[in-house]
Amino acid sequence: PNYLDGRIALRHTYYYSVTAVDSAGNEGEPSSQVHFLYTDITPPQPPSGLKAFVENRIVHLSWTAPPDRDLLGYRISRAYSDSTFFPIRQDMIRETFIEDPGPVETGLEPGRRYFYSVKAVDSLYYDSDPAGIWIAVPDDRPPSPPGQVTVKNVLGRHLEVSWNASPSGDVEKYRLMRRIEDDEKDLGTFGKLARAYTDRQVQKGRSAVYIVTAVDTAGNESAPSKSHPERLRDFSPPPGPRYVAAYLLEQGVRVKWDPIGSYDLSGYNVYRSDLPTGIGIKVNTEPLQAVEMLDEQGSSASWYWVKAVDTSGNESEKSRAVSPETKK
């Protein structure tokens, strides 16, 4: 007195009644009806073989479908931990793969790890247990550059370089370079807490530009921050030249003087005036290395004096003013 019906479909309601049949083939009145809604309370199996890789800051997920015959689709979620999830899409997907570029506003964050959950969903919208996987997005984003770079001339002895920190939180070190004209030198790397450097290698009279970059834990280097050019110079002038003499020649006036002893001497400047106490005009354009020069514009009415100049650009007191003598 029982029967097994194997020809039913999910989410259908079936009605049953029973009649009795005798040996002559006579069928009695049907019994009262019973009905039954065939449903499924067993969730599908989870996807298997979940894989992930990252390309151009996009996570690619793929998996193998479970064997359930009433499979409807998949729900995909992303999380920063394995407990709090955010749906990648509100609707289900039918495919066994998906690409996740991250939130529309920001995208996936370089250097961060994400946890992905994939659930299978059957035709009655039961979810399977999740298949999960961690994936790290490679850090290919350089840090922000350091703040302002300043240089201070300390009494003509050395240059003191300082910089403000990069606002990026993953900075591991700073790289410092010095540029003098077309020559650029790497001065080394310094820890993330470093903010200053003392440069004792710059020659007096040379102008230097300092360049600082930030380097993060992934090796990415920021754009450079540069200082204004700073010249290493002191403020003490060299001694003035002595024994200045001028001679009138056919070609002009030859001015001579004795050399001075100064470790940072750059050369000499010669001045000409119409009066011994007048405002002189510098005859040469660049500091003279010799201790004499010929002024082709000079005359017997000219007066001359000489100043020494050092590598910091400081000029000495002027020498005694002289007028040309006739050369015998």
# chains A, B, ... in the order shown; residues from 1 in each chain; ligands from 1

call {"tool": "residues_around", "arguments": {"residues": "Thr13 (chain A)", "least_positions_apart": "4", "cutoff": "8 Å", "atoms": "only C-alpha atoms", "output": "PyMOL selection string"}}
result
chain A and resi 35-38

call {"tool": "residues_around", "arguments": {"residues": "Lys318 (chain A)", "least_positions_apart": "4", "cutoff": "7 Å", "atoms": "only C-alpha atoms", "output": "MDAnalysis selection string"}}
result
chainID A and resid 240 305:307

call {"tool": "residues_around", "arguments": {"residues": "Leu176 (chain A)", "least_positions_apart": "6", "cutoff": "10 Å", "atoms": "only C-alpha atoms", "output": "PyMOL selection string"}}
result
chain A and resi 161+185-190+196-197+210-214+224-226

call {"tool": "closest_residue", "arguments": {"among": "A:Ser319, A:Gln45, A:Asn284, A:Ser262", "to": "Arg69 (chain A)", "atoms": "only C-alpha atoms"}}
result
A:Gln45

call {"tool": "residues_around", "arguments": {"residues": "Glu221 (chain A)", "least_positions_apart": "6", "cutoff": "12 Å", "atoms": "only C-alpha atoms", "output": "PyMOL selection string"}}
result
chain A and resi 139-146+166+168+170-176+189+212-215

call {"tool": "residues_around", "arguments": {"residues": "Glu160 (chain A)", "least_positions_apart": "4", "cutoff": "10 Å", "atoms": "only C-alpha atoms", "output": "PyMOL selection string"}}
result
chain A and resi 150-154+196-200

call {"tool": "closest_atom_pairs", "arguments": {"of": "region 27-72 of chain A", "to": "region 89-96 of chain A", "cutoff": "12 Å", "atoms": "only C-alpha atoms", "output": "CSV"}}
result
residue,atom,partner,partner_atom,distance
A:Pro47,CA,A:Thr96,CA,9.0
A:Ser48,CA,A:Thr96,CA,10.4
A:Gly49,CA,A:Thr96,CA,10.6
A:Leu50,CA,A:Thr96,CA,9.5
A:Lys51,CA,A:Thr96,CA,10.7
A:His60,CA,A:Thr96,CA,11.0
A:Leu61,CA,A:Thr96,CA,8.3
A:Ser62,CA,A:Thr96,CA,5.7
A:Trp63,CA,A:Thr96,CA,5.6
A:Thr64,CA,A:Thr96,CA,6.5
A:Ala65,CA,A:Thr96,CA,6.7
A:Pro66,CA,A:Thr96,CA,10.3
A:Leu71,CA,A:Arg94,CA,9.3
A:Leu72,CA,A:Arg94,CA,7.2

call {"tool": "residues_around", "arguments": {"residues": "region 132-136 of chain A", "least_positions_apart": "4", "cutoff": "7 Å", "atoms": "only C-alpha atoms", "output": "PyMOL selection string"}}
result
chain A and resi 52+111-118

call {"tool": "residues_around", "arguments": {"residues": "Leu155 (chain A)", "least_positions_apart": "3", "cutoff": "10 Å", "atoms": "only C-alpha atoms", "output": "ChimeraX atom specification"}}
result
/A:152,158-159,232-236
